[in-house]
Structure formats: structure tokens, C-alpha cells
file entry_24.cif (mmCIF, C-alpha atoms)
data_work
#
loop_
_atom_site.label_atom_id
_atom_site.label_comp_id
_atom_site.auth_asym_id
_atom_site.auth_seq_id
_atom_site.Cartn_x
_atom_site.Cartn_y
_atom_site.Cartn_z
CA MET A 29 -30.94 -40.44 -14.25
CA GLY A 30 -32.13 -38.68 -11.10
CA GLU A 31 -34.59 -35.86 -10.70
CA VAL A 32 -33.82 -32.56 -8.96
CA ILE A 33 -36.68 -31.17 -6.86
CA VAL A 34 -36.52 -27.75 -5.22
CA VAL A 35 -38.68 -27.06 -2.17
CA THR A 36 -39.49 -23.36 -2.04
CA SER A 37 -42.11 -20.93 -0.69
CA GLY A 38 -41.12 -17.26 -0.78
CA LYS A 39 -42.26 -16.59 2.76
CA GLY A 40 -40.22 -17.96 5.63
CA GLY A 41 -41.55 -20.24 8.34
CA VAL A 42 -44.17 -22.07 6.30
CA GLY A 43 -42.42 -25.46 6.48
CA LYS A 44 -39.90 -25.72 3.64
CA THR A 45 -37.25 -27.45 5.72
CA THR A 46 -39.77 -29.75 7.43
CA THR A 47 -41.19 -30.68 4.03
CA THR A 48 -37.73 -31.31 2.56
CA ALA A 49 -36.75 -33.51 5.52
CA ASN A 50 -39.95 -35.54 5.47
CA VAL A 51 -40.37 -35.92 1.73
CA GLY A 52 -36.68 -36.85 1.37
CA THR A 53 -36.83 -39.38 4.19
CA GLY A 54 -40.10 -40.76 2.81
CA LEU A 55 -38.61 -41.29 -0.66
CA ALA A 56 -35.66 -43.07 0.96
CA LYS A 57 -38.11 -45.28 2.86
CA LEU A 58 -39.65 -46.14 -0.51
CA ASP A 59 -36.22 -47.49 -1.57
CA LYS A 60 -35.13 -44.49 -3.61
CA LYS A 61 -31.60 -43.18 -3.32
CA VAL A 62 -31.96 -39.63 -2.03
CA VAL A 63 -29.69 -36.69 -1.22
CA LEU A 64 -30.95 -33.60 0.58
CA ILE A 65 -29.09 -30.36 -0.05
CA ASP A 66 -29.49 -27.39 2.29
CA THR A 67 -29.01 -24.36 0.03
CA ASP A 68 -29.70 -21.81 2.75
CA ILE A 69 -26.11 -20.61 3.12
CA GLY A 70 -25.57 -18.74 6.38
CA LEU A 71 -28.75 -20.07 7.98
CA ARG A 72 -28.18 -23.81 8.20
CA ASN A 73 -31.26 -25.70 9.44
CA LEU A 74 -31.89 -28.93 7.59
CA ASP A 75 -29.12 -30.69 9.56
CA VAL A 76 -30.83 -30.12 12.93
CA VAL A 77 -34.26 -31.06 11.61
CA MET A 78 -32.72 -34.29 10.29
CA GLY A 79 -30.81 -34.85 13.54
CA LEU A 80 -27.45 -34.94 11.73
CA GLU A 81 -25.93 -31.72 13.10
CA ASN A 82 -23.12 -33.48 14.97
CA ARG A 83 -21.73 -35.22 11.94
CA ILE A 84 -20.88 -32.27 9.69
CA VAL A 85 -17.30 -32.08 8.46
CA TYR A 86 -17.54 -30.41 5.06
CA ASN A 87 -20.38 -28.40 3.54
CA LEU A 88 -21.91 -27.19 0.28
CA VAL A 89 -19.47 -24.29 -0.14
CA ASP A 90 -16.48 -26.62 0.45
CA VAL A 91 -17.73 -28.82 -2.39
CA ILE A 92 -18.33 -25.86 -4.72
CA GLU A 93 -14.92 -24.35 -3.97
CA GLY A 94 -13.20 -27.69 -4.41
CA ASN A 95 -11.93 -27.98 -0.81
CA CYS A 96 -13.23 -31.55 -0.75
CA ARG A 97 -14.82 -34.15 -2.99
CA ILE A 98 -18.65 -34.45 -3.04
CA LYS A 99 -18.43 -37.90 -1.39
CA GLN A 100 -16.52 -36.47 1.59
CA ALA A 101 -19.16 -33.84 2.29
CA LEU A 102 -22.19 -36.12 2.04
CA ILE A 103 -23.43 -37.27 5.46
CA LYS A 104 -24.96 -40.71 5.38
CA ASP A 105 -28.09 -41.02 7.51
CA LYS A 106 -27.50 -44.25 9.42
CA ARG A 107 -31.22 -44.84 9.95
CA TYR A 108 -31.85 -45.32 6.22
CA PRO A 109 -29.50 -47.01 3.79
CA ASN A 110 -30.25 -44.66 0.85
CA LEU A 111 -30.38 -41.24 2.47
CA TYR A 112 -27.66 -38.56 2.42
CA LEU A 113 -27.42 -34.90 3.46
CA LEU A 114 -25.23 -32.18 2.03
CA PRO A 115 -25.31 -29.46 4.72
CA SER A 116 -25.05 -25.75 4.07
CA ALA A 117 -22.20 -23.51 5.24
CA GLN A 118 -22.98 -21.52 8.35
CA THR A 119 -20.26 -18.87 8.18
CA ARG A 120 -20.58 -17.76 4.56
CA ASP A 121 -23.26 -15.91 2.61
CA LYS A 122 -25.39 -16.54 -0.43
CA ASP A 123 -22.93 -15.05 -2.96
CA ALA A 124 -20.45 -17.82 -2.19
CA VAL A 125 -22.30 -19.88 -4.82
CA THR A 126 -23.59 -19.07 -8.32
CA PRO A 127 -26.59 -20.61 -10.14
CA GLU A 128 -24.21 -22.19 -12.69
CA GLN A 129 -22.22 -23.91 -9.93
CA MET A 130 -25.41 -25.22 -8.31
CA LYS A 131 -26.61 -26.56 -11.64
CA MET A 132 -23.31 -28.36 -12.20
CA LEU A 133 -23.44 -29.90 -8.73
CA ALA A 134 -27.04 -31.06 -9.23
CA ASP A 135 -26.16 -32.55 -12.62
CA ASP A 136 -23.20 -34.40 -11.07
CA LEU A 137 -25.42 -35.90 -8.38
CA LYS A 138 -28.09 -36.98 -10.89
CA GLY A 139 -25.93 -39.87 -11.98
CA GLU A 140 -25.67 -41.27 -8.49
CA PHE A 141 -29.07 -40.51 -6.92
CA ASP A 142 -32.74 -41.02 -7.83
CA TYR A 143 -33.86 -37.81 -6.12
CA ILE A 144 -31.94 -34.65 -5.23
CA LEU A 145 -33.99 -32.42 -2.93
CA LEU A 146 -32.96 -28.79 -2.55
CA ASP A 147 -34.14 -26.90 0.53
CA CYS A 148 -34.46 -23.32 -0.73
CA PRO A 149 -33.97 -20.25 1.49
CA ALA A 150 -36.87 -17.82 1.99
CA GLY A 151 -36.97 -14.78 -0.27
CA ILE A 152 -36.48 -14.26 -4.00
CA GLU A 153 -32.84 -13.14 -4.02
CA GLN A 154 -29.56 -14.89 -4.80
CA GLY A 155 -30.26 -17.94 -2.64
CA PHE A 156 -33.54 -18.59 -4.43
CA LYS A 157 -31.90 -18.17 -7.86
CA ASN A 158 -29.18 -20.63 -6.86
CA ALA A 159 -31.64 -23.22 -5.62
CA ILE A 160 -33.93 -23.24 -8.67
CA ALA A 161 -31.12 -23.19 -11.26
CA GLY A 162 -30.65 -26.92 -11.58
CA ALA A 163 -34.15 -28.07 -10.61
CA ASP A 164 -36.44 -30.17 -12.81
CA ARG A 165 -39.42 -29.79 -10.56
CA ALA A 166 -40.57 -27.45 -7.79
CA LEU A 167 -42.65 -28.04 -4.69
CA VAL A 168 -44.12 -24.74 -3.53
CA VAL A 169 -45.04 -24.88 0.16
CA THR A 170 -47.66 -22.52 1.54
CA THR A 171 -49.92 -22.24 4.56
CA PRO A 172 -53.56 -21.13 4.19
CA GLU A 173 -52.75 -17.53 5.17
CA VAL A 174 -52.83 -14.37 3.08
CA ALA A 175 -49.12 -13.50 3.43
CA ALA A 176 -47.88 -17.00 2.58
CA ILE A 177 -50.23 -17.36 -0.40
CA ARG A 178 -49.30 -13.97 -1.79
CA ASP A 179 -45.61 -14.88 -1.63
CA ALA A 180 -46.30 -18.32 -3.12
CA ASP A 181 -48.01 -16.62 -6.05
CA ARG A 182 -44.93 -14.48 -6.64
CA ILE A 183 -42.70 -17.55 -6.48
CA ILE A 184 -44.92 -19.45 -8.92
CA GLY A 185 -44.65 -16.51 -11.34
CA LEU A 186 -40.85 -16.49 -11.01
CA LEU A 187 -40.66 -20.27 -11.53
CA GLU A 188 -42.72 -19.92 -14.71
CA ALA A 189 -40.49 -17.10 -15.91
CA ASN A 190 -37.48 -19.37 -15.32
CA GLU A 191 -39.11 -22.18 -17.29
CA MET A 192 -39.58 -24.65 -14.45
CA LYS A 193 -41.00 -27.78 -16.04
CA ARG A 194 -43.31 -28.83 -13.26
CA THR A 195 -44.60 -26.93 -10.22
CA HIS A 196 -46.66 -28.56 -7.48
CA LEU A 197 -48.32 -27.06 -4.43
CA VAL A 198 -48.11 -28.30 -0.84
CA VAL A 199 -50.67 -26.75 1.52
CA ASN A 200 -49.13 -27.05 4.95
CA ARG A 201 -50.49 -26.59 8.44
CA LEU A 202 -54.17 -26.77 7.54
CA ARG A 203 -56.58 -26.76 10.46
CA MET A 204 -59.72 -28.59 9.51
CA ASP A 205 -61.66 -27.33 12.54
CA MET A 206 -61.02 -23.72 11.46
CA VAL A 207 -61.85 -24.47 7.83
CA LYS A 208 -65.19 -25.93 8.94
CA ARG A 209 -65.95 -22.80 10.94
CA GLY A 210 -65.12 -20.71 7.89
CA ASP A 211 -62.16 -19.10 9.64
CA MET A 212 -59.45 -20.59 7.43
CA MET A 213 -59.19 -20.94 3.69
CA SER A 214 -59.56 -24.55 2.56
CA SER A 215 -57.01 -26.28 0.34
CA ASP A 216 -59.53 -25.92 -2.51
CA ASP A 217 -59.58 -22.16 -1.94
CA VAL A 218 -55.77 -22.01 -2.07
CA VAL A 219 -55.63 -24.09 -5.25
CA GLU A 220 -58.31 -21.91 -6.84
CA ILE A 221 -56.31 -18.76 -6.07
CA LEU A 222 -52.88 -20.05 -7.11
CA ALA A 223 -54.01 -22.24 -10.05
CA VAL A 224 -51.28 -24.90 -9.74
CA ASP A 225 -51.47 -28.66 -9.25
CA LEU A 226 -51.91 -29.74 -5.65
CA ILE A 227 -49.57 -32.54 -4.56
CA GLY A 228 -50.54 -32.71 -0.90
CA VAL A 229 -52.26 -31.21 2.10
CA VAL A 230 -50.51 -31.51 5.45
CA PRO A 231 -52.62 -30.86 8.56
CA ASP A 232 -51.33 -28.80 11.45
CA ASP A 233 -50.00 -31.48 13.79
CA GLU A 234 -48.26 -31.24 17.17
CA GLN A 235 -46.29 -34.33 16.24
CA ILE A 236 -44.28 -32.20 13.79
CA VAL A 237 -42.95 -30.09 16.67
CA ILE A 238 -42.10 -33.22 18.65
CA SER A 239 -40.37 -34.88 15.71
CA THR A 240 -38.36 -31.73 14.98
CA ASN A 241 -37.36 -31.55 18.66
CA GLN A 242 -36.01 -35.06 18.38
CA GLY A 243 -34.42 -34.66 14.95
CA GLU A 244 -36.39 -37.55 13.49
CA PRO A 245 -38.64 -36.95 10.49
CA LEU A 246 -42.11 -38.42 11.15
CA VAL A 247 -42.96 -39.35 7.57
CA GLY A 248 -44.72 -42.71 7.38
CA SER A 249 -45.67 -42.75 11.07
CA ASP A 250 -49.26 -43.21 12.12
CA CYS A 251 -50.06 -39.53 12.80
CA MET A 252 -51.91 -37.36 10.27
CA ALA A 253 -48.86 -35.34 9.18
CA GLY A 254 -46.82 -38.54 8.83
CA LYS A 255 -49.43 -40.03 6.53
CA ALA A 256 -49.82 -36.79 4.56
CA PHE A 257 -46.06 -36.56 3.87
CA MET A 258 -45.92 -40.22 2.82
CA ASN A 259 -48.77 -39.60 0.37
CA ILE A 260 -46.79 -36.73 -1.15
CA CYS A 261 -43.86 -39.12 -1.67
CA HIS A 262 -46.09 -41.63 -3.45
CA ARG A 263 -47.46 -38.86 -5.68
CA ILE A 264 -43.91 -37.73 -6.53
CA LEU A 265 -43.30 -41.28 -7.74
CA GLY A 266 -46.31 -40.86 -10.02
CA GLU A 267 -48.77 -42.96 -8.05
CA GLU A 268 -52.36 -41.83 -7.69
CA VAL A 269 -53.20 -41.50 -4.01
CA PRO A 270 -56.51 -40.03 -2.82
CA LEU A 271 -56.28 -36.98 -0.56
CA LEU A 272 -56.18 -37.76 3.14
CA ASP A 273 -59.43 -37.47 5.07
CA LEU A 274 -58.37 -34.74 7.46
CA GLU A 275 -61.51 -34.99 9.55
CA GLY A 276 -59.73 -37.79 11.37
CA LYS A 277 -61.34 -40.64 13.19
CA SER A 278 -64.81 -39.21 13.51
CA GLY A 279 -67.18 -41.68 15.08
CA LEU A 280 -70.79 -42.18 14.15
CA LEU A 281 -71.94 -39.90 16.93
CA GLN A 282 -69.69 -37.05 15.81
CA ARG A 283 -70.80 -37.44 12.22
CA LEU A 284 -74.44 -37.35 13.32
CA SER A 285 -73.91 -34.26 15.39
CA SER A 286 -72.10 -32.47 12.57
CA LEU A 287 -75.02 -33.39 10.32
CA PHE A 288 -77.38 -31.62 12.68
CA LYS A 289 -75.09 -28.63 13.02
CA LYS A 290 -75.15 -28.04 9.27
CA ASN A 291 -78.95 -27.68 9.21
CA MET K 21 -74.15 -2.99 5.10
CA ASN K 22 -77.78 -3.95 5.49
CA LEU K 23 -79.42 -5.74 8.39
CA SER K 24 -79.11 -9.30 7.06
CA ASP K 25 -75.38 -8.76 6.43
CA PHE K 26 -75.05 -7.67 10.01
CA PHE K 27 -76.50 -10.88 11.34
CA ARG K 28 -74.76 -13.13 8.86
CA LYS K 29 -71.21 -11.83 9.10
CA LYS K 30 -68.94 -12.94 6.28
CA SER K 31 -66.54 -15.63 7.49
CA SER K 32 -62.93 -14.52 7.86
CA GLY K 33 -61.81 -17.27 5.48
CA ASN K 34 -63.90 -15.77 2.69
CA VAL K 35 -62.71 -12.27 3.55
CA ALA K 36 -59.12 -13.51 3.18
CA LYS K 37 -59.88 -15.18 -0.13
CA ASP K 38 -61.52 -12.08 -1.60
CA ARG K 39 -58.73 -9.79 -0.41
CA LEU K 40 -56.11 -12.10 -1.84
CA LYS K 41 -57.80 -12.33 -5.21
CA LEU K 42 -57.80 -8.55 -5.48
CA VAL K 43 -54.19 -8.03 -4.39
CA LEU K 44 -52.93 -10.81 -6.66
CA VAL K 45 -54.50 -9.25 -9.73
CA SER K 46 -52.39 -6.13 -9.28
CA ASP K 47 -49.33 -8.17 -8.14
CA ARG K 48 -49.49 -10.34 -11.25
CA ALA K 49 -49.96 -7.41 -13.59
CA ASN K 50 -47.05 -5.68 -11.87
CA CYS K 51 -49.32 -2.68 -11.64
CA SER K 52 -49.67 -0.51 -8.54
CA PRO K 53 -52.74 1.64 -7.77
CA GLU K 54 -50.65 4.76 -8.57
CA ILE K 55 -49.83 3.49 -12.05
CA MET K 56 -53.47 2.56 -12.59
CA GLU K 57 -54.50 6.09 -11.65
CA GLN K 58 -51.97 7.60 -14.07
CA MET K 59 -53.11 5.27 -16.83
CA LYS K 60 -56.72 6.20 -16.16
CA ASN K 61 -55.94 9.91 -16.44
CA ASP K 62 -54.03 9.41 -19.68
CA ILE K 63 -56.88 7.40 -21.18
CA ILE K 64 -59.37 10.12 -20.19
CA GLN K 65 -57.19 12.74 -21.86
CA VAL K 66 -56.91 10.85 -25.14
CA ILE K 67 -60.55 9.87 -25.41
CA SER K 68 -61.81 13.32 -24.40
CA LYS K 69 -60.31 14.69 -27.61
CA TYR K 70 -62.94 12.82 -29.56
CA VAL K 71 -65.92 12.19 -27.28
CA GLU K 72 -67.26 13.62 -24.07
CA ILE K 73 -67.06 10.95 -21.41
CA ASP K 74 -68.70 10.51 -18.04
CA ILE K 75 -65.65 10.62 -15.80
CA ASP K 76 -67.53 9.56 -12.67
CA GLY K 77 -68.89 6.46 -14.39
CA LEU K 78 -65.47 5.48 -15.71
CA ASP K 79 -64.11 2.14 -14.51
CA ILE K 80 -60.68 0.78 -15.36
CA LYS K 81 -59.19 -2.39 -13.86
CA ILE K 82 -56.94 -5.28 -14.61
CA THR K 83 -58.69 -8.64 -14.58
CA GLN K 84 -57.97 -12.21 -15.60
CA THR K 85 -59.51 -13.57 -18.76
CA GLU K 86 -59.42 -16.84 -20.71
CA SER K 87 -56.90 -16.45 -23.50
CA GLU K 88 -57.88 -17.37 -27.04
CA GLY K 89 -54.83 -19.57 -27.32
CA ASN K 90 -54.42 -22.54 -25.04
CA ASN K 91 -52.30 -20.94 -22.34
CA GLY K 92 -55.01 -20.54 -19.70
CA THR K 93 -55.88 -17.20 -18.18
CA VAL K 94 -54.07 -13.99 -19.08
CA PRO K 95 -54.33 -10.53 -17.56
CA ALA K 96 -56.57 -8.12 -19.43
CA LEU K 97 -57.19 -4.40 -19.14
CA TYR K 98 -60.90 -3.85 -18.65
CA ALA K 99 -62.24 -0.37 -19.28
CA ASN K 100 -65.84 0.74 -19.06
CA ILE K 101 -66.06 4.29 -20.39
CA PRO K 102 -69.57 5.76 -20.63
CA ILE K 103 -69.88 8.32 -23.42
CA ARG K 104 -72.01 11.43 -22.87
CA GLU K 105 -71.89 12.89 -26.32
CA VAL K 106 -69.94 12.39 -29.49
CA LYS K 107 -68.22 15.62 -30.38
CA THR K 108 -69.11 16.68 -33.88
CA LYS K 109 -66.47 18.57 -35.75
CA LYS K 110 -67.25 22.19 -36.35
CA LEU K 111 -67.49 22.99 -39.96
#

call {"tool": "encode", "arguments": {"input": "entry_24.cif", "output": "C-alpha cells"}}
result
Amino acid sequence: MGEVIVVTSGKGGVGKTTTTANVGTGLAKLDKKVVLIDTDIGLRNLDVVMGLENRIVYNLVDVIEGNCRIKQALIKDKRYPNLYLLPSAQTRDKDAVTPEQMKMLADDLKGEFDYILLDCPAGIEQGFKNAIAGADRALVVTTPEVAAIRDADRIIGLLEANEMKRTHLVVNRLRMDMVKRGDMMSSDDVVEILAVDLIGVVPDDEQIVISTNQGEPLVGSDCMAGKAFMNICHRILGEEVPLLDLEGKSGLLQRLSSLFKKN
Amino acid sequence: MNLSDFFRKKSSGNVAKDRLKLVLVSDRANCSPEIMEQMKNDIIQVISKYVEIDIDGLDIKITQTESEGNNGTVPALYANIPIREVKTKKL
């Protein structure tokens, strides 16, 4: 029986779609059978981030309305044997789907897949309600900024009110140099404020922009963000993985100089 | 702000954290400053019937507190109401 995970945030632009693409691809790399569902009806994005935009025939609304079978709408990612995408509809709006229909779809897919990842739209309206309806677990993505954290707090409250079983926090786009200077909240600060379990910290990384440009998720690659996303995947599987050392490859000289700076 | 504060300016990360903590308390309690003000005035009215209170020293806010059950922190209404004099009933 598969698990349904919704990736949500409240505020837009904090990295929900990037997280969905990378965590989904990472789980597929770890030999899990995964389907990614873009629930942002009207603002389809996950397909371009995944590099599958040219292969869309049917979409989520077609499946819900019975215009096609689920199998026909699922796009198989040829790079990974276990990874599928169910794209969103671009020309419809959020009311085309109800929470009950989303829950039924998720339950149907549970039999076939190990993980069903739902990319939630920004906001707390209909689209959000649809996305969380069938979910067993939520990943709340935030950046270390006041607006994103405030919205994440609201989302966490709404998830609790809707009896979400498990809620985990992803702190995205952290800049260690700014944290050291005291000009950015650390992941510990964010966890202290939001009081939810941390499942991963993803550093701000240019490679993310490059990978999105190319439509190839970077999870598992050698860069910091690639490693951070892979660690999140391992933690989703229940493995204990220590947090990434975001200071990077600091040599002896750098460490010595930072030691002197502190005093 | 005193002189030492001036030289050791608070880092913007800590400013953000403190501001967030404050705004989230009222967000979580679903309680705007206007409602707090109304509540404060109502409380003053009720209590003034029985005791004379120091209105300037009055402090009402919503905070987080450990719950007695095992469900973590819960919001709590904190009120510090200094009493000037207990009104004795006229015979």
C-alpha cells in the first residue's frame, strides 16, 4: 500500500515544485515506484521542471472527469523505470476538482505505487483543500524569510485542523554565509518558531536554476542541493541521516581563519 | 536605545525572529490588535465594578504556555491587572 505525500507551503515561490520534482525523482532512484501529481490546475509547472512538457496528452482533469483512464494520462519518465507524472490541466480552474475526487484518485493510485507526491498550489483556497484531502503526510516547504515562515505557520495550523497524520518541514534556500553573519535565520531558528519536525535543509544553490533550465532534477548529484534532496528521500524512507554540513569543503586554513574571526 | 546597543546593532536575523514570534502569537490566536483592545476595555469595565484598577499598569496579551495535558503548548490569555484599592461596599 502506497503513501500519499503532499508538498505544500502557503506562500508561492519557495520551492514546492522543485522539491516535488527532486524528492519524487530521488525516491524513484531509490527503487520506489513513484507518481508525481501536479494539482495546480490552471498554472501547470511540474511538467516543465521535470522536462516532460512535450509528452502531455491527457491531464488530471481528464482523469477526474472520466475522459480517459488513469494509465493513459500517466507520463512515464524514460530516464527512470519507476517514475510517472500526472500533469495538471492548463485551461481549467481549481473548481474542476473536488477534495473527494482527489481522495478517490489518490486511493486508486495507492495500490499501484509506493509513493504518490502531490504538488500543491500556493494559497489556502480550493486548490490547497483538494491537494491535502487524500494525503497521509505533508512536507511543508519554507525559506528562512518572515513572509514564507508566517504562511508556513498558517498552513501547519490548517493541516493540524484537517487531521494530517504527519507534517515535516523542509527549509529551502538557506544561505550559510548569511546565517553566519547573523543576517538570515538559521534552520534551528525556523524549527523553533514553527515547532514541527525538520526533514531537511536545502542550501541556496545555483545548480537548481541550471537543472530547472534543463528540465532535469539534480537530486543525487554531487552538488549541495542534490545531496540535500537525496537525504530528504532517505529520511522519508525512515532512515536516519545526519544533517548535511552546509559549510561545504572548508579547508584547514578557512577553519582557522573563522576560528580567529569568532574571537 | 543606549550607547552599547548603538555599537552592537542587533542582527537582522534576530530582528526577523523576534518580529515573527510576535506576529505568530496573534495569528495563531486568531486575534487582531483591535479585538485585543476591545477585550481589554471590556475586562476593565467588569473589574472596575469591584476594584479600582491601575489602567496604565494594565497588561493583557496572548502568549503560549505548556498545557497540563500532553498536547504541547497552547495559547493562553495573560493579564496583569494592578489593583489600586478594593472598593468596600457602603453600608

call {"tool": "resolve_selection", "arguments": {"input": "entry_24.cif", "expression": "the PyMOL selection byres ((chain A) within 7 of (chain K))", "output": "MDAnalysis selection string"}}
result
chainID A and resid 174 178 210:213 221

call {"tool": "write_last_selection", "arguments": {"input": "entry_24.cif", "atoms": "C-alpha atoms", "output": "short mmCIF file (atom, residue, chain, number, x, y, z; two decimals), in the frame of the given file"}}
result
data_model
loop_
_atom_site.label_atom_id
_atom_site.label_comp_id
_atom_site.auth_asym_id
_atom_site.auth_seq_id
_atom_site.Cartn_x
_atom_site.Cartn_y
_atom_site.Cartn_z
CA VAL A 174 -52.83 -14.37 3.08
CA ARG A 178 -49.30 -13.97 -1.79
CA GLY A 210 -65.12 -20.71 7.89
CA ASP A 211 -62.16 -19.10 9.64
CA MET A 212 -59.45 -20.59 7.43
CA MET A 213 -59.19 -20.94 3.69
CA ILE A 221 -56.31 -18.76 -6.07
#

call {"tool": "residues_around", "arguments": {"input": "entry_24.cif", "residues": "Met59 (chain K)", "least_positions_apart": "5", "cutoff": "12 Å", "atoms": "all atoms listed in the file", "output": "number ranges by chain"}}
result
K: 51-54, 64-66, 79-82, 97, 99

call {"tool": "write_last_selection", "arguments": {"input": "entry_24.cif", "atoms": "C-alpha atoms", "output": "compact mmCIF listing (two decimals), in the coordinates of the input"}}
result
# COMPACT_ATOMS: atom_id res chain seq x y z
CA CYS K 51 -49.32 -2.68 -11.64
CA SER K 52 -49.67 -0.51 -8.54
CA PRO K 53 -52.74 1.64 -7.77
CA GLU K 54 -50.65 4.76 -8.57
CA ILE K 64 -59.37 10.12 -20.19
CA GLN K 65 -57.19 12.74 -21.86
CA VAL K 66 -56.91 10.85 -25.14
CA ASP K 79 -64.11 2.14 -14.51
CA ILE K 80 -60.68 0.78 -15.36
CA LYS K 81 -59.19 -2.39 -13.86
CA ILE K 82 -56.94 -5.28 -14.61
CA LEU K 97 -57.19 -4.40 -19.14
CA ALA K 99 -62.24 -0.37 -19.28

call {"tool": "resolve_selection", "arguments": {"input": "entry_24.cif", "expression": "the PyMOL selection byres ((chain A and resi 151-157) around 7)", "output": "VMD selection string"}}
result
chain A and resid 38 to 39 68 122 to 123 127 148 to 150 158 to 161

call {"tool": "write_last_selection", "arguments": {"input": "entry_24.cif", "atoms": "C-alpha atoms", "output": "compact mmCIF listing (two decimals), in the coordinates of the input"}}
result
# COMPACT_ATOMS: atom_id res chain seq x y z
CA GLY A 38 -41.12 -17.26 -0.78
CA LYS A 39 -42.26 -16.59 2.76
CA ASP A 68 -29.70 -21.81 2.75
CA LYS A 122 -25.39 -16.54 -0.43
CA ASP A 123 -22.93 -15.05 -2.96
CA PRO A 127 -26.59 -20.61 -10.14
CA CYS A 148 -34.46 -23.32 -0.73
CA PRO A 149 -33.97 -20.25 1.49
CA ALA A 150 -36.87 -17.82 1.99
CA ASN A 158 -29.18 -20.63 -6.86
CA ALA A 159 -31.64 -23.22 -5.62
CA ILE A 160 -33.93 -23.24 -8.67
CA ALA A 161 -31.12 -23.19 -11.26

call {"tool": "atom_distance", "arguments": {"input": "entry_24.cif", "atom1": "CA of Val199 (chain A)", "atom2": "CA of Gly228 (chain A)"}}
result
6.4 Å

call {"tool": "resolve_selection", "arguments": {"input": "entry_24.cif", "expression": "the PyMOL selection byres ((chain A and resi 237-254) around 6)", "output": "PyMOL selection string"}}
result
chain A and resi 50+54+77-79+230-231+234-236+255-258

call {"tool": "residues_around", "arguments": {"input": "entry_24.cif", "residues": "Met204 (chain A)", "least_positions_apart": "3", "cutoff": "7 Å", "atoms": "only C-alpha atoms", "output": "PyMOL selection string"}}
result
chain A and resi 207-208+274-275

call {"tool": "write_last_selection", "arguments": {"input": "entry_24.cif", "atoms": "C-alpha atoms", "output": "PDB file, in the frame of the given file"}}
result
ATOM      1  CA  VAL A 207     -61.850 -24.470   7.830  1.00  0.00           C
ATOM      2  CA  LYS A 208     -65.190 -25.930   8.940  1.00  0.00           C
ATOM      3  CA  LEU A 274     -58.370 -34.740   7.460  1.00  0.00           C
ATOM      4  CA  GLU A 275     -61.510 -34.990   9.550  1.00  0.00           C
TER       5      GLU A 275
END

call {"tool": "atom_distance", "arguments": {"input": "entry_24.cif", "atom1": "CA of Thr171 (chain A)", "atom2": "CA of Gly43 (chain A)"}}
result
8.4 Å
